[in-house]
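Everything below belongs to coords_2.csv, which stores CSV, C-alpha atoms and all ligand atoms.
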chain,number,residue,atom,x,y,z
A,1,MET,CA,-8.6,-10.2,-27.6
A,2,PHE,CA,-8.9,-13.0,-25.2
A,3,CYS,CA,-10.3,-12.2,-21.7
A,4,VAL,CA,-10.7,-14.3,-18.5
A,5,LYS,CA,-14.5,-13.7,-18.6
A,6,GLY,CA,-14.7,-15.6,-21.9
A,7,LEU,CA,-12.4,-18.3,-20.6
A,8,SER,CA,-14.3,-18.7,-17.4
A,9,GLU,CA,-17.7,-18.9,-19.2
A,10,SER,CA,-16.5,-21.3,-21.9
A,11,GLY,CA,-17.9,-24.2,-19.8
A,12,ARG,CA,-15.0,-26.5,-20.6
A,13,LEU,CA,-12.5,-25.3,-18.1
A,14,THR,CA,-11.6,-27.6,-15.3
A,15,SER,CA,-8.0,-26.3,-14.8
A,16,VAL,CA,-6.4,-23.1,-15.8
A,17,PRO,CA,-3.8,-22.6,-18.6
A,18,SER,CA,-0.3,-22.6,-17.2
A,19,LYS,CA,0.4,-19.0,-18.3
A,20,TYR,CA,-1.9,-18.0,-15.4
A,21,PHE,CA,0.1,-19.9,-12.7
A,22,PHE,CA,1.3,-17.3,-10.3
A,23,GLU,CA,4.6,-18.0,-8.6
A,24,LYS,CA,4.1,-17.5,-4.9
A,25,ASP,CA,6.5,-15.8,-2.6
A,26,LEU,CA,7.4,-17.6,0.7
A,27,ASN,CA,5.5,-14.8,2.5
A,28,ASP,CA,2.4,-15.1,0.3
A,29,ASP,CA,0.7,-17.6,2.6
A,30,CYS,CA,1.1,-15.5,5.6
A,31,ILE,CA,-2.5,-14.5,6.1
A,32,ASN,CA,-3.9,-13.1,9.3
A,33,SER,CA,-7.7,-13.3,9.5
A,34,GLU,CA,-7.8,-12.6,13.2
A,35,ALA,CA,-8.9,-9.6,15.0
A,36,GLU,CA,-6.8,-6.9,13.3
A,37,THR,CA,-8.8,-4.8,10.9
A,38,ILE,CA,-8.4,-1.7,8.9
A,39,PRO,CA,-9.3,1.5,10.8
A,40,ILE,CA,-12.8,2.9,10.2
A,41,ILE,CA,-13.2,6.7,9.6
A,42,ASP,CA,-16.6,8.3,10.1
A,43,PHE,CA,-16.6,10.9,7.3
A,44,SER,CA,-19.6,12.9,8.7
A,45,MET,CA,-17.4,13.8,11.7
A,46,LEU,CA,-14.9,15.4,9.4
A,47,THR,CA,-17.4,17.6,7.6
A,48,SER,CA,-20.3,18.2,9.9
A,49,GLY,CA,-19.0,17.4,13.3
A,50,SER,CA,-18.0,19.9,16.0
A,51,PRO,CA,-14.4,21.3,15.7
A,52,GLU,CA,-13.4,18.8,18.4
A,53,GLN,CA,-14.9,15.9,16.4
A,54,ARG,CA,-13.2,17.1,13.2
A,55,TYR,CA,-9.9,17.4,15.1
A,56,LYS,CA,-10.2,13.8,16.4
A,57,THR,CA,-11.2,12.5,13.0
A,58,ILE,CA,-8.1,14.2,11.5
A,59,GLN,CA,-5.9,12.5,14.1
A,60,ALA,CA,-7.6,9.2,13.3
A,61,ILE,CA,-6.9,9.7,9.6
A,62,GLY,CA,-3.3,10.6,10.3
A,63,ASN,CA,-2.9,7.4,12.4
A,64,ALA,CA,-4.5,5.2,9.7
A,65,CYS,CA,-2.2,6.7,7.1
A,66,LEU,CA,0.9,6.2,9.3
A,67,LYS,CA,0.2,2.7,10.5
A,68,TRP,CA,-1.9,1.1,7.6
A,69,GLY,CA,-1.9,3.3,4.5
A,70,PHE,CA,-5.5,2.2,4.3
A,71,PHE,CA,-8.8,3.0,6.0
A,72,GLU,CA,-12.5,2.4,5.5
A,73,VAL,CA,-14.9,5.3,5.2
A,74,ILE,CA,-18.5,5.2,6.5
A,75,ASN,CA,-21.2,7.9,6.5
A,76,HIS,CA,-19.6,9.4,3.3
A,77,GLY,CA,-22.8,10.7,1.8
A,78,VAL,CA,-22.5,8.8,-1.6
A,79,PRO,CA,-25.9,7.2,-1.9
A,80,ASN,CA,-26.1,3.4,-1.9
A,81,THR,CA,-28.4,3.5,-4.9
A,82,LEU,CA,-25.6,5.2,-6.9
A,83,ARG,CA,-23.0,2.7,-5.7
A,84,ASP,CA,-25.3,-0.2,-6.6
A,85,GLU,CA,-26.1,1.3,-10.0
A,86,MET,CA,-22.3,1.7,-10.7
A,87,ILE,CA,-21.8,-2.0,-10.0
A,88,ARG,CA,-24.8,-3.0,-12.1
A,89,ALA,CA,-23.7,-0.8,-15.0
A,90,SER,CA,-20.2,-2.3,-14.8
A,91,GLU,CA,-21.6,-5.8,-15.0
A,92,SER,CA,-23.6,-4.8,-18.0
A,93,PHE,CA,-20.5,-3.4,-19.7
A,94,PHE,CA,-18.6,-6.7,-19.3
A,95,ASP,CA,-21.7,-8.5,-20.5
A,96,LEU,CA,-21.5,-6.7,-23.9
A,97,SER,CA,-20.4,-8.9,-26.8
A,98,ASP,CA,-16.6,-9.1,-27.4
A,99,GLU,CA,-17.2,-7.3,-30.6
A,100,GLN,CA,-18.8,-4.4,-28.8
A,101,LYS,CA,-16.1,-4.3,-26.2
A,102,ARG,CA,-13.3,-4.6,-28.8
A,103,GLU,CA,-14.0,-1.0,-29.8
A,104,TYR,CA,-12.4,-0.1,-26.5
A,105,ALA,CA,-9.5,-2.5,-26.7
A,106,GLY,CA,-7.2,0.5,-26.4
A,107,LYS,CA,-3.5,0.0,-27.1
A,108,LYS,CA,-2.0,3.1,-25.5
A,109,LEU,CA,-1.8,4.1,-21.9
A,110,PHE,CA,-3.4,7.5,-22.4
A,111,ASP,CA,-6.2,6.2,-24.6
A,112,PRO,CA,-9.3,7.7,-22.9
A,113,ILE,CA,-11.0,4.3,-22.6
A,114,ARG,CA,-9.3,0.9,-22.4
A,115,TRP,CA,-10.8,-2.5,-22.0
A,116,GLY,CA,-8.3,-5.2,-21.4
A,117,THR,CA,-7.2,-8.2,-19.4
A,118,SER,CA,-4.4,-9.1,-16.9
A,119,PHE,CA,-2.2,-5.9,-16.3
A,120,ASN,CA,-0.1,-5.3,-19.3
A,121,VAL,CA,-0.2,-8.3,-21.7
A,122,ASN,CA,2.8,-6.9,-23.6
A,123,VAL,CA,5.1,-7.5,-20.6
A,124,ASP,CA,3.3,-9.7,-18.1
A,125,LYS,CA,5.2,-12.9,-17.6
A,126,THR,CA,2.3,-14.4,-15.8
A,127,LEU,CA,-1.3,-13.5,-16.7
A,128,PHE,CA,-3.6,-12.3,-14.0
A,129,TRP,CA,-7.2,-13.5,-13.6
A,130,ARG,CA,-8.7,-10.2,-14.2
A,131,ASP,CA,-10.4,-8.2,-16.9
A,132,TYR,CA,-10.6,-4.4,-16.7
A,133,LEU,CA,-12.1,-1.2,-18.0
A,134,LYS,CA,-10.0,1.9,-17.4
A,135,ILE,CA,-11.4,5.4,-18.2
A,136,HIS,CA,-9.8,8.8,-17.8
A,137,VAL,CA,-12.8,10.6,-16.4
A,138,HIS,CA,-11.4,13.9,-15.2
A,139,PRO,CA,-10.6,16.7,-16.1
A,140,GLN,CA,-11.9,15.5,-19.5
A,141,PHE,CA,-14.9,13.2,-19.1
A,142,ASN,CA,-14.9,10.1,-21.3
A,143,ALA,CA,-17.3,7.1,-21.3
A,144,PRO,CA,-18.3,4.2,-23.6
A,145,GLN,CA,-21.6,4.8,-25.4
A,146,ASN,CA,-22.7,1.3,-24.4
A,147,PRO,CA,-24.4,0.0,-22.4
A,148,LEU,CA,-27.2,2.6,-22.4
A,149,GLY,CA,-27.0,4.9,-19.4
A,150,PHE,CA,-23.5,3.7,-18.4
A,151,SER,CA,-22.0,7.1,-19.2
A,152,LYS,CA,-24.5,9.0,-16.9
A,153,THR,CA,-23.9,6.6,-14.1
A,154,ILE,CA,-20.1,6.9,-14.4
A,155,GLN,CA,-20.3,10.6,-14.5
A,156,GLU,CA,-22.4,11.0,-11.4
A,157,TYR,CA,-20.5,8.3,-9.5
A,158,CYS,CA,-17.1,9.7,-10.3
A,159,LYS,CA,-18.2,13.3,-9.4
A,160,ARG,CA,-19.4,12.2,-6.0
A,161,VAL,CA,-16.3,10.2,-5.3
A,162,ARG,CA,-14.0,13.0,-6.5
A,163,GLU,CA,-15.7,15.3,-4.0
A,164,LEU,CA,-15.2,12.8,-1.3
A,165,ALA,CA,-11.5,12.5,-2.3
A,166,ASN,CA,-11.0,16.2,-2.1
A,167,GLU,CA,-12.4,16.4,1.4
A,168,LEU,CA,-10.3,13.5,2.6
A,169,LEU,CA,-7.2,15.1,1.1
A,170,LYS,CA,-7.9,18.2,3.1
A,171,GLY,CA,-8.0,16.1,6.2
A,172,ILE,CA,-4.8,14.3,5.3
A,173,MET,CA,-3.0,17.6,4.7
A,174,GLU,CA,-4.1,18.9,8.1
A,175,SER,CA,-2.9,15.6,9.7
A,176,LEU,CA,0.5,16.4,8.2
A,177,GLY,CA,0.5,19.8,9.8
A,178,LEU,CA,-0.1,21.5,6.5
A,179,GLU,CA,-2.8,24.0,5.5
A,180,GLU,CA,-5.9,22.1,4.6
A,181,SER,CA,-6.0,23.4,1.1
A,182,TYR,CA,-2.2,22.9,0.6
A,183,ILE,CA,-2.5,20.2,-2.0
A,184,GLN,CA,-5.5,21.9,-3.8
A,185,LYS,CA,-3.5,25.1,-4.2
A,186,ALA,CA,-0.1,23.5,-4.9
A,187,MET,CA,-1.5,21.2,-7.6
A,188,ASP,CA,-4.7,22.9,-9.0
A,189,LEU,CA,-6.8,20.0,-7.7
A,190,GLU,CA,-10.1,21.9,-7.5
A,191,THR,CA,-10.3,22.3,-11.3
A,192,ASP,CA,-7.8,20.0,-13.1
A,193,SER,CA,-7.2,17.0,-10.9
A,194,HIS,CA,-6.7,13.7,-12.7
A,195,GLN,CA,-9.2,10.9,-12.0
A,196,LEU,CA,-8.9,7.4,-13.5
A,197,LEU,CA,-11.7,5.0,-13.1
A,198,VAL,CA,-10.7,1.3,-13.0
A,199,VAL,CA,-13.3,-1.4,-13.0
A,200,ASN,CA,-11.9,-4.8,-12.2
A,201,LEU,CA,-13.7,-8.0,-13.0
A,202,TYR,CA,-12.5,-11.3,-11.5
A,203,PRO,CA,-14.6,-14.2,-12.9
A,204,PRO,CA,-14.9,-17.5,-11.0
A,205,CYS,CA,-11.8,-19.6,-11.4
A,206,PRO,CA,-11.6,-23.4,-11.4
A,207,GLN,CA,-8.2,-23.3,-9.5
A,208,PRO,CA,-8.3,-20.0,-7.5
A,209,GLU,CA,-5.4,-21.0,-5.4
A,210,VAL,CA,-2.9,-21.1,-8.3
A,211,VAL,CA,-3.8,-17.7,-9.9
A,212,MET,CA,-3.7,-14.1,-8.8
A,213,GLY,CA,-6.3,-11.4,-9.7
A,214,LEU,CA,-3.8,-8.6,-9.2
A,215,PRO,CA,-0.3,-9.2,-7.8
A,216,PRO,CA,1.1,-7.2,-4.8
A,217,HIS,CA,1.4,-3.6,-5.8
A,218,SER,CA,1.0,0.0,-4.6
A,219,ASP,CA,-1.2,2.5,-6.5
A,220,HIS,CA,0.0,5.5,-8.4
A,221,GLY,CA,-1.6,8.8,-7.4
A,222,LEU,CA,-2.5,10.5,-4.1
A,223,LEU,CA,-5.5,8.5,-3.0
A,224,THR,CA,-7.5,5.5,-4.3
A,225,ILE,CA,-11.1,5.1,-3.3
A,226,LEU,CA,-12.5,1.6,-3.9
A,227,MET,CA,-15.8,-0.3,-3.5
A,228,GLN,CA,-16.7,-3.8,-4.5
A,229,ASN,CA,-19.8,-6.0,-5.0
A,230,ASP,CA,-20.7,-8.6,-2.4
A,231,HIS,CA,-17.5,-10.6,-2.8
A,232,VAL,CA,-14.3,-10.2,-0.9
A,233,GLY,CA,-10.8,-10.6,-2.4
A,234,LEU,CA,-8.7,-7.6,-1.4
A,235,HIS,CA,-5.7,-8.3,0.9
A,236,VAL,CA,-3.6,-5.6,2.5
A,237,ARG,CA,0.0,-6.0,3.7
A,238,HIS,CA,0.4,-5.1,7.3
A,239,ASP,CA,3.1,-6.1,9.8
A,240,GLY,CA,4.5,-8.7,7.4
A,241,LYS,CA,1.1,-10.4,6.9
A,242,TRP,CA,-1.7,-10.3,4.4
A,243,ILE,CA,-4.9,-9.0,6.0
A,244,PRO,CA,-8.2,-9.8,4.2
A,245,VAL,CA,-10.4,-6.8,3.8
A,246,ASN,CA,-14.0,-7.2,4.6
A,247,PRO,CA,-15.4,-3.6,4.5
A,248,PRO,CA,-18.6,-2.7,6.3
A,249,PRO,CA,-21.6,-2.7,3.9
A,250,GLY,CA,-21.9,0.6,2.1
A,251,SER,CA,-18.4,1.7,3.0
A,252,PHE,CA,-15.4,2.7,0.8
A,253,VAL,CA,-11.9,1.4,1.1
A,254,VAL,CA,-9.4,4.3,0.8
A,255,ASN,CA,-5.6,4.0,0.4
A,256,ILE,CA,-2.6,6.2,0.1
A,257,GLY,CA,-0.9,6.2,-3.3
A,258,ASP,CA,2.7,6.5,-4.2
A,259,HIS,CA,2.3,10.3,-4.8
A,260,MET,CA,1.2,10.8,-1.2
A,261,GLU,CA,4.3,9.0,-0.1
A,262,ILE,CA,6.4,11.3,-2.3
A,263,LEU,CA,4.5,14.5,-1.2
A,264,SER,CA,4.7,13.6,2.5
A,265,ASN,CA,8.4,12.8,2.0
A,266,GLY,CA,7.9,9.2,3.1
A,267,LYS,CA,5.9,9.9,6.3
A,268,TYR,CA,2.8,8.3,4.8
A,269,LYS,CA,3.8,5.2,2.9
A,270,SER,CA,1.8,3.6,0.1
A,271,VAL,CA,1.1,0.0,1.1
A,272,LEU,CA,1.1,-3.2,-0.9
A,273,HIS,CA,-2.2,-4.9,-1.6
A,274,ARG,CA,-3.3,-7.7,-3.9
A,275,ALA,CA,-6.6,-9.2,-5.2
A,276,VAL,CA,-7.2,-12.9,-5.0
A,277,VAL,CA,-10.1,-14.7,-6.8
A,278,ASN,CA,-12.6,-17.4,-5.9
A,279,GLY,CA,-14.1,-20.5,-7.4
A,280,LYS,CA,-17.7,-19.5,-7.2
A,281,ALA,CA,-18.6,-16.0,-8.0
A,282,THR,CA,-17.6,-13.0,-10.1
A,283,ARG,CA,-16.0,-10.3,-8.0
A,284,ILE,CA,-16.2,-6.7,-9.2
A,285,SER,CA,-14.2,-3.8,-7.7
A,286,VAL,CA,-14.5,-0.2,-8.8
A,287,ALA,CA,-11.4,1.9,-8.0
A,288,THR,CA,-10.9,5.6,-8.7
A,289,ALA,CA,-7.3,6.9,-8.6
A,290,HIS,CA,-7.0,10.5,-7.7
A,291,GLY,CA,-3.9,12.4,-8.7
A,292,PRO,CA,-2.8,15.9,-9.7
A,293,PRO,CA,-3.0,17.2,-13.3
A,294,LEU,CA,-1.0,15.0,-15.6
A,295,ASP,CA,1.7,17.6,-16.2
A,296,THR,CA,2.2,18.5,-12.5
A,297,VAL,CA,5.6,17.7,-11.1
A,298,VAL,CA,5.1,16.0,-7.7
A,299,GLY,CA,7.9,16.2,-5.1
A,300,PRO,CA,8.0,16.4,-1.3
A,301,ALA,CA,6.0,19.3,0.1
A,302,GLN,CA,8.5,22.2,0.7
A,303,ASP,CA,6.9,22.9,4.1
A,304,LEU,CA,7.9,19.4,5.3
A,305,LEU,CA,11.6,19.8,4.4
A,306,ASP,CA,14.6,21.4,6.0
A,307,ASN,CA,18.0,20.9,4.6
A,308,GLU,CA,19.7,19.8,7.8
A,309,ASN,CA,17.2,17.4,9.4
A,310,ARG,CA,14.7,16.6,6.8
A,311,PRO,CA,16.2,16.5,3.3
A,312,PRO,CA,14.0,15.4,0.3
A,313,LEU,CA,13.9,11.7,0.0
A,314,TYR,CA,12.3,11.6,-3.4
A,315,ARG,CA,12.9,13.6,-6.5
A,316,GLY,CA,10.1,15.4,-8.3
A,317,ILE,CA,8.5,13.7,-11.3
A,318,LYS,CA,5.7,14.6,-13.6
A,319,TYR,CA,2.6,12.6,-12.8
A,320,ARG,CA,2.3,11.6,-16.5
A,321,GLU,CA,5.8,10.2,-16.5
A,322,TYR,CA,5.2,8.2,-13.4
A,323,LEU,CA,2.0,6.7,-14.8
A,324,GLN,CA,3.8,5.8,-18.0
A,325,LEU,CA,6.6,4.1,-16.0
A,326,GLN,CA,4.2,2.1,-13.8
A,327,GLN,CA,1.8,1.1,-16.5
A,328,SER,CA,4.3,0.1,-19.2
A,329,ASN,CA,6.3,-2.2,-16.9
A,330,GLN,CA,5.3,-5.4,-15.0
A,331,LEU,CA,3.2,-4.6,-11.9
A,332,LYS,CA,5.7,-5.5,-9.2
A,333,GLY,CA,5.5,-4.4,-5.6
A,334,LYS,CA,6.6,-0.8,-5.1
A,335,SER,CA,9.4,-1.1,-7.7
A,336,CYS,CA,8.3,2.1,-9.5
A,337,LEU,CA,8.9,4.3,-6.4
A,338,ASP,CA,12.6,3.2,-6.5
A,339,HIS,CA,13.0,5.3,-9.6
A,340,VAL,CA,12.3,8.5,-7.7
A,341,LYS,CA,14.0,7.7,-4.4
A,342,VAL,CA,17.0,9.9,-3.6
A,343,ASN,CA,20.0,7.9,-2.6
A,344,ILE,CA,20.8,9.4,0.9
A,345,ASN,CA,24.5,8.7,0.4
A,346,ASP,CA,24.5,10.8,-2.7
A,347,THR,CA,23.1,13.8,-0.8
A,348,CYS,CA,25.6,13.4,2.1
A,349,CYS,CA,28.6,13.4,-0.1
A,350,LYS,CA,27.7,16.6,-2.1
B,1,LIG,O1,-9.9,-5.5,-6.6
B,1,LIG,C1,-9.4,-5.0,-5.6
B,1,LIG,O2,-9.9,-5.1,-4.5
B,1,LIG,C2,-8.1,-4.2,-5.7
B,1,LIG,C3,-8.0,-3.4,-7.0
B,1,LIG,C4,-6.7,-2.7,-7.1
B,1,LIG,O3,-5.8,-2.8,-6.2
B,1,LIG,C5,-6.5,-1.7,-8.1
B,1,LIG,O4,-7.3,-1.5,-9.0
B,1,LIG,O5,-5.4,-1.0,-8.1
B,2,FE,FE,-4.4,-1.2,-6.3

How does this structure look as structure tokens?
Ligand SMILES: O=C(O)CCC(=O)C(=O)O
Ligand SMILES: [Fe+2]
Amino acid sequence: MFCVKGLSESGRLTSVPSKYFFEKDLNDDCINSEAETIPIIDFSMLTSGSPEQRYKTIQAIGNACLKWGFFEVINHGVPNTLRDEMIRASESFFDLSDEQKREYAGKKLFDPIRWGTSFNVNVDKTLFWRDYLKIHVHPQFNAPQNPLGFSKTIQEYCKRVRELANELLKGIMESLGLEESYIQKAMDLETDSHQLLVVNLYPPCPQPEVVMGLPPHSDHGLLTILMQNDHVGLHVRHDGKWIPVNPPPGSFVVNIGDHMEILSNGKYKSVLHRAVVNGKATRISVATAHGPPLDTVVGPAQDLLDNENRPPLYRGIKYREYLQLQQSNQLKGKSCLDHVKVNINDTCCK
């Protein structure tokens, strides 16, 4: 399999092959690097603050979900040493020989471990400047045997991040006016939640302005938790502009996924984001997508509906089917959600 790391390191590259040329939208250049930044949430106030501090933090989370779909989390308790180790181990994985990595060049979406490039080379019209490693890490844990120690690092990192996700989800449920353990109970999250680890590698590119690392998209799942090495590249769509994300050192970037949009019946919307690349350094981001068990049907929370004023705006869909839909098509904005939106006119006429 070809990969951009190999291409970038071949030493002969002064321009990129045309299949990587990303066709820009008129709005693509609309970047706002001024004062507006993603809200910051102090996690310690959620779990060990006074009831008043917890209440205020839940309000802040609710506002962030409503206005941005993104927030940055500080004082989260995941040790920096573990985060650094996760980045180092990821680098070592991509540094394995192609022959060693080829063992994980999975073909099928639900292969437990998949190493690949772009998004889905079977359907991508444009190739993206990104290699990836995707691992289904929960409820069944999987990990490559190489490099040595990678498996242990992934296991510890994903466990800590999963715990963080569960606490944040409780806060988000409360912010919606639901019982804090609503989602855990409705979807068996404590034991069987699904967690997908995605490590993205964006090697330096000789023409960074003509390619895209990952095109504008929203994430599947309830919540994504992301960290990166020292290099920026994530842009979030907000008020019709792209906002570059420059998270405080040691923080996580958290965003609402499509399934939170479905569950909240459209109150909290998943938000478009993209990853751009640079000409000098390799950027690594480590994302974990947190969702319900694969066979759980996710629809709007019953407690948020009433037939007269708040009808369901999305139909229920199995998480597995949604994943299949998103990952086997081109990654294109929020197009996948359109498949589950209820046409209001249909409901009115019945
Ligand atoms: O690399 C990034 O910052 C974004 C990655 C991302 O959006 C994803 O993995 O879904
Ligand atoms: Fe994403």

**Q.** Surrounding residues as a ChimeraX atom specification, ligand LIG 1 (chain B), max 10 Å, all atoms listed in the file
**A.** /A:119,130,132,134,197-202,213-220,224-229,231-236,245,253,255,257,272-277,283-289

Q. Quick one, how far is CA of Ser193 in chain A from CA of Pro311 in chain A?
A. 27.4 Å

**Q.** Closest of A:Glu308, A:Asp42, A:Glu174, A:Glu91 to Val73 in chain A - atom-to-atom distances counting only C-alpha atoms
**A.**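 Ranked by minimum distance to Val73 in chain A, first place goes to A:Asp42.
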
Q) With only C-alpha atoms and all ligand atoms as the atoms that count, which of A:Gln326, A:Ser48, A:Asn278, A:Thr117 lies nearest to ligand FE 2 (chain B)? A) A:Gln326

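Shortest atom-to-atom contact with Leu13 in chain A among A:Lys170, A:Met86, A:Ile31, A:Cys205: A:Cys205, counting all atoms listed in the file.
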
Q: To one decimal in Å, tell me the separation between CA of Met260 in chain A and CA of Arg83 in chain A.
A: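 Taking CA of Met260 in chain A and CA of Arg83 in chain A, their separation equals 25.9 Å.
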
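Considering all atoms listed in the file, the residue among A:Cys65, A:Val342, A:Ala281, A:Val254 positioned nearest to ligand FE 2 (chain B) is A:Val254.
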
Taking N, CA and C atoms as the atom set, what does range 262-275 of chain A look like once completed, written as a PDB file, keeping the file's coordinate frame?
ATOM      1  N   ILE A 262       5.378  10.352  -1.788  1.00  0.00           N
ATOM      2  CA  ILE A 262       6.400  11.300  -2.300  1.00  0.00           C
ATOM      3  C   ILE A 262       6.103  12.689  -1.608  1.00  0.00           C
ATOM      4  N   LEU A 263       4.835  13.135  -1.688  1.00  0.00           N
ATOM      5  CA  LEU A 263       4.500  14.500  -1.200  1.00  0.00           C
ATOM      6  C   LEU A 263       4.770  14.578   0.331  1.00  0.00           C
ATOM      7  N   SER A 264       4.503  13.499   1.075  1.00  0.00           N
ATOM      8  CA  SER A 264       4.700  13.600   2.500  1.00  0.00           C
ATOM      9  C   SER A 264       6.163  13.255   2.884  1.00  0.00           C
ATOM     10  N   ASN A 265       7.007  13.159   1.869  1.00  0.00           N
ATOM     11  CA  ASN A 265       8.400  12.800   2.000  1.00  0.00           C
ATOM     12  C   ASN A 265       8.618  11.555   2.861  1.00  0.00           C
ATOM     13  N   GLY A 266       7.764  10.577   2.549  1.00  0.00           N
ATOM     14  CA  GLY A 266       7.900   9.200   3.100  1.00  0.00           C
ATOM     15  C   GLY A 266       7.234   9.051   4.475  1.00  0.00           C
ATOM     16  N   LYS A 267       6.544  10.098   4.955  1.00  0.00           N
ATOM     17  CA  LYS A 267       5.900   9.900   6.300  1.00  0.00           C
ATOM     18  C   LYS A 267       4.690   8.938   6.100  1.00  0.00           C
ATOM     19  N   TYR A 268       3.872   9.166   5.097  1.00  0.00           N
ATOM     20  CA  TYR A 268       2.800   8.300   4.800  1.00  0.00           C
ATOM     21  C   TYR A 268       3.149   7.362   3.649  1.00  0.00           C
ATOM     22  N   LYS A 269       3.301   6.083   3.909  1.00  0.00           N
ATOM     23  CA  LYS A 269       3.800   5.200   2.900  1.00  0.00           C
ATOM     24  C   LYS A 269       2.639   4.500   2.123  1.00  0.00           C
ATOM     25  N   SER A 270       2.760   4.414   0.805  1.00  0.00           N
ATOM     26  CA  SER A 270       1.800   3.600   0.100  1.00  0.00           C
ATOM     27  C   SER A 270       2.031   2.146   0.462  1.00  0.00           C
ATOM     28  N   VAL A 271       0.969   1.371   0.486  1.00  0.00           N
ATOM     29  CA  VAL A 271       1.100   0.000   1.100  1.00  0.00           C
ATOM     30  C   VAL A 271       0.689  -1.041   0.023  1.00  0.00           C
ATOM     31  N   LEU A 272       1.413  -2.152   0.080  1.00  0.00           N
ATOM     32  CA  LEU A 272       1.100  -3.200  -0.900  1.00  0.00           C
ATOM     33  C   LEU A 272      -0.231  -3.834  -0.626  1.00  0.00           C
ATOM     34  N   HIS A 273      -0.896  -4.154  -1.708  1.00  0.00           N
ATOM     35  CA  HIS A 273      -2.200  -4.900  -1.600  1.00  0.00           C
ATOM     36  C   HIS A 273      -2.270  -5.777  -2.849  1.00  0.00           C
ATOM     37  N   ARG A 274      -3.166  -6.743  -2.801  1.00  0.00           N
ATOM     38  CA  ARG A 274      -3.300  -7.700  -3.900  1.00  0.00           C
ATOM     39  C   ARG A 274      -4.797  -8.093  -3.972  1.00  0.00           C
ATOM     40  N   ALA A 275      -5.208  -8.666  -5.088  1.00  0.00           N
ATOM     41  CA  ALA A 275      -6.600  -9.200  -5.200  1.00  0.00           C
ATOM     42  C   ALA A 275      -6.541 -10.648  -5.527  1.00  0.00           C
TER      43      ALA A 275
END
